[in-house]
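Worksheet: one structure, shown below.
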Amino acid sequence: MSLPNLISLARLLAVPLVIWLVLKDQIELAFWLFVIAGLSDAVDGFLAKKFKMATRLGHYLDPLADKVLLVSIYIVLGRIGELPDWLVILVVSRDLLIVGGVLLSYTLSHGFSTKPAAISKINTAFQIVLAAAVLGDMAWGPWWDTQVPSIMYVCVAITTVASGANYLVQWARGFSGEERIG
C-alpha cells in the first residue's frame with residue numbers, strides 16, 4: 001500500500017477517536033487529532049501527485065476519508081449545538097448527494113469520475129477550517145469576533161452549494177444520453 005493511501009486510511013481510522021473524544025469532552029485532544037487528520041488530506045494529495053504515487057485505491061479512499069471525517073464531525077458538532085442545524089444539513093446533504101450520484105453512475109455503468117473540481121477542494125478546506133475553529137473555540141474559549149462564525153458559516157454554505165451544483169451539472173451532462181425506459 002502506498003504512503004498516501006496509508007495516510008488516507010489513518011485519517012479514516014481516526015474518525016471514531018475524534019468523535020469519541022468530542023463526546024467525552026476531551027476537546028483539546030479532539031482538536032489536535034482533527035487538525036492532523038485535516039492536514040493529512042493535503043499531505044496525501046501532495047505526495048500522490050508530486051511523487052507519482054497515485055493509485056486506483058487512493059482515488060476512492062481519499063475522498064471517502066474526507067467525507068467520513070467531515071460528515072461525522074459536522075453531525076456531532078450540530079448535535080451538541082456548536083454548529084447551526086441548517087449548515088449541518090447542507091453539508092451532510094451535499095455529501096450524500098455526491099455518494100448517491102457516484103453509486104447511481106456506477107449502477108448505470110457510467111463510471112463517473114470522482115475527481116473533484118477546484119470548488120470542491122475549496123469547500124473541503126473551508127469545512128475543515130470551520131470545524132477546527134469550532135473545536136478550538138470549545139477547547140480554549142471564544143477567540144474570534146462575533147461576526148467571524150457567521151462569515152465562516154456563509155463561506156462553507158456558499159462553497160457547499162456551489163460544489164454540489166458542480167457535481168449535479170457534471171452528472172446531468174453524463175446522463176443526458178441515457179435511453180428512456182417505457
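Within each chain, counting starts at residue 1; across the C-alpha cells, chains are named A, B, ... in the order shown, with ligands numbered 1 upward in that order.
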
Residue list (helix (DSSP H, G or I), DSSP) for chain A, as a PyMOL selection string: chain A and resi 3-23+27-50+56-79+85-107+118-140+147-175

Please produce, as a Markdown table, a per-residue contact table for region 44-124 of chain A versus region 3-13 of chain A (criterion: any atom at most 12 Å away, only C-alpha atoms considered), showing the nearest atom pair and its distance in Å to one decimal, sorted by chain then residue number.
```
| residue | atom | partner | partner_atom | distance |
| --- | --- | --- | --- | --- |
| A:Asp44 | CA | A:Pro4 | CA | 4.3 |
| A:Gly45 | CA | A:Pro4 | CA | 7.0 |
| A:Phe46 | CA | A:Pro4 | CA | 8.5 |
| A:Leu47 | CA | A:Pro4 | CA | 6.2 |
| A:Ala48 | CA | A:Pro4 | CA | 5.9 |
| A:Lys49 | CA | A:Pro4 | CA | 9.6 |
| A:Lys50 | CA | A:Pro4 | CA | 10.9 |
| A:Phe51 | CA | A:Pro4 | CA | 10.0 |
| A:Lys52 | CA | A:Pro4 | CA | 10.3 |
| A:Met53 | CA | A:Pro4 | CA | 7.1 |
| A:Ala54 | CA | A:Pro4 | CA | 7.6 |
| A:Thr55 | CA | A:Asn5 | CA | 8.1 |
| A:Arg56 | CA | A:Asn5 | CA | 9.8 |
| A:Leu57 | CA | A:Asn5 | CA | 7.4 |
| A:Gly58 | CA | A:Asn5 | CA | 5.4 |
| A:His59 | CA | A:Asn5 | CA | 9.1 |
| A:Tyr60 | CA | A:Asn5 | CA | 9.7 |
| A:Leu61 | CA | A:Ser8 | CA | 6.4 |
| A:Asp62 | CA | A:Ser8 | CA | 5.3 |
| A:Pro63 | CA | A:Ser8 | CA | 8.6 |
| A:Leu64 | CA | A:Leu12 | CA | 7.8 |
| A:Ala65 | CA | A:Leu12 | CA | 4.7 |
| A:Asp66 | CA | A:Leu12 | CA | 7.7 |
| A:Lys67 | CA | A:Leu12 | CA | 9.2 |
| A:Val68 | CA | A:Leu12 | CA | 6.9 |
| A:Leu69 | CA | A:Leu12 | CA | 6.8 |
| A:Leu70 | CA | A:Leu12 | CA | 10.4 |
| A:Val71 | CA | A:Leu12 | CA | 11.8 |
| A:Ser72 | CA | A:Leu12 | CA | 10.8 |
```

Among the residues A:Tyr106, A:Trp20, A:Tyr167, A:Phe175, the one that comes closest to Arg94 (chain A) [using only C-alpha atoms]: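 Closest candidate: A:Tyr167.
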
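Counting only C-alpha atoms and comparing A:Met138, A:Gly174, A:Leu83, A:Phe126, the residue that lies closest to Ser109 (chain A) is A:Gly174.
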
List the neighbours of Pro149 (chain A) out to 9 Å using only C-alpha atoms; skip same-chain residues closer than 5 positions along the sequence, and give me the result as an mmCIF file with C-alpha atoms, in the first residue's frame.
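Now in result_31.cif:
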```
data_model
loop_
_atom_site.group_PDB
_atom_site.id
_atom_site.type_symbol
_atom_site.label_atom_id
_atom_site.label_comp_id
_atom_site.auth_asym_id
_atom_site.auth_seq_id
_atom_site.Cartn_x
_atom_site.Cartn_y
_atom_site.Cartn_z
ATOM 1 C CA LEU A 130 -14.661 25.810 10.351
ATOM 2 C CA ALA A 133 -12.202 26.664 14.646
ATOM 3 C CA VAL A 134 -15.302 25.420 16.469
ATOM 4 C CA TRP A 144 -12.968 35.391 17.481
ATOM 5 C CA VAL A 154 -21.589 31.682 4.855
#
```

Got a sec: who's within 9 Å of region 118-122 of chain A, counting only C-alpha atoms, leaving out chain neighbours fewer than 5 positions off, as an NGL selection string? :A and (127 or 159-160 or 162-164 or 166)

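CA of Gly101 (chain A) is found 11.3 Å from CA of Val169 (chain A).
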
Which residue, A:Leu108, A:Ala117, A:Ala30, A:Val43, has the smallest gap to Ala139 (chain A) when you use only C-alpha atoms?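 Comparing A:Leu108, A:Ala117, A:Ala30, A:Val43 against Ala139 (chain A), the winner is A:Ala30.
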
Mind checking which residues fall within 7 Å of region 21-29 of chain A, counting only C-alpha atoms, ignoring those fewer than 2 positions away in the same chain, and posting them as number ranges by chain? A: 17-19, 31-33, 135, 138-139

How would the residues just picked look written out with N, CA and C atoms as a PDB file, in the first residue's frame?
```
ATOM      1  N   LEU A  17     -12.183   7.969  16.836  1.00  0.00           N
ATOM      2  CA  LEU A  17     -11.487   8.513  18.002  1.00  0.00           C
ATOM      3  C   LEU A  17     -11.788  10.000  18.178  1.00  0.00           C
ATOM      4  N   VAL A  18     -11.779  10.755  17.088  1.00  0.00           N
ATOM      5  CA  VAL A  18     -12.109  12.186  17.169  1.00  0.00           C
ATOM      6  C   VAL A  18     -13.518  12.362  17.734  1.00  0.00           C
ATOM      7  N   ILE A  19     -14.461  11.604  17.208  1.00  0.00           N
ATOM      8  CA  ILE A  19     -15.855  11.712  17.659  1.00  0.00           C
ATOM      9  C   ILE A  19     -15.974  11.318  19.125  1.00  0.00           C
ATOM     10  N   PHE A  31      -9.388  18.358  19.103  1.00  0.00           N
ATOM     11  CA  PHE A  31      -8.952  19.430  18.210  1.00  0.00           C
ATOM     12  C   PHE A  31      -7.666  19.039  17.494  1.00  0.00           C
ATOM     13  N   TRP A  32      -6.647  18.634  18.247  1.00  0.00           N
ATOM     14  CA  TRP A  32      -5.348  18.328  17.634  1.00  0.00           C
ATOM     15  C   TRP A  32      -5.432  17.136  16.695  1.00  0.00           C
ATOM     16  N   LEU A  33      -6.167  16.119  17.077  1.00  0.00           N
ATOM     17  CA  LEU A  33      -6.318  14.959  16.194  1.00  0.00           C
ATOM     18  C   LEU A  33      -7.083  15.338  14.934  1.00  0.00           C
ATOM     19  N   LEU A 135     -13.933  23.543  17.227  1.00  0.00           N
ATOM     20  CA  LEU A 135     -13.286  22.722  18.256  1.00  0.00           C
ATOM     21  C   LEU A 135     -12.321  23.562  19.094  1.00  0.00           C
ATOM     22  N   MET A 138     -14.287  25.597  21.452  1.00  0.00           N
ATOM     23  CA  MET A 138     -14.783  24.763  22.553  1.00  0.00           C
ATOM     24  C   MET A 138     -13.668  24.470  23.561  1.00  0.00           C
ATOM     25  N   ALA A 139     -12.444  24.263  23.061  1.00  0.00           N
ATOM     26  CA  ALA A 139     -11.333  23.881  23.928  1.00  0.00           C
ATOM     27  C   ALA A 139     -10.779  25.044  24.730  1.00  0.00           C
TER      28      ALA A 139
END
```

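Going from CA of Val161 (chain A) over to CA of Leu90 (chain A), you cover 7.9 Å.
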
Given only C-alpha atoms as the basis, pick out the residue of A:Met152, A:Ala125, A:Ser105, A:Gly141 nearest to Val35 (chain A).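 Looking only at the distances to Val35 (chain A), the closest residue turns out to be A:Ala125.
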
Excluding Leu87 (chain A) and residues on its chain fewer than 2 positions from it, collect all residues at most 9 Å away from it, counting only C-alpha atoms, and give them as a ChimeraX atom specification. /A:74,78,83-85,89-92,153-154,156-157

Okay, now the selection with C-alpha atoms, as an mmCIF file, in the first residue's frame?
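Produced file again.cif, reproduced below:
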```cif
data_model
loop_
_atom_site.group_PDB
_atom_site.id
_atom_site.type_symbol
_atom_site.label_atom_id
_atom_site.label_comp_id
_atom_site.auth_asym_id
_atom_site.auth_seq_id
_atom_site.Cartn_x
_atom_site.Cartn_y
_atom_site.Cartn_z
ATOM 1 C CA TYR A 74 -20.425 18.168 11.476
ATOM 2 C CA GLY A 78 -24.500 20.089 15.251
ATOM 3 C CA LEU A 83 -22.972 24.359 14.631
ATOM 4 C CA PRO A 84 -26.328 25.524 13.280
ATOM 5 C CA ASP A 85 -28.646 22.734 12.132
ATOM 6 C CA ILE A 89 -27.994 19.566 6.960
ATOM 7 C CA LEU A 90 -26.463 21.380 3.975
ATOM 8 C CA VAL A 91 -23.016 19.791 4.394
ATOM 9 C CA VAL A 92 -24.361 16.282 5.007
ATOM 10 C CA TYR A 153 -20.851 29.689 8.007
ATOM 11 C CA VAL A 154 -21.589 31.682 4.855
ATOM 12 C CA VAL A 156 -18.985 26.978 3.953
ATOM 13 C CA ALA A 157 -22.609 27.285 2.803
#
```
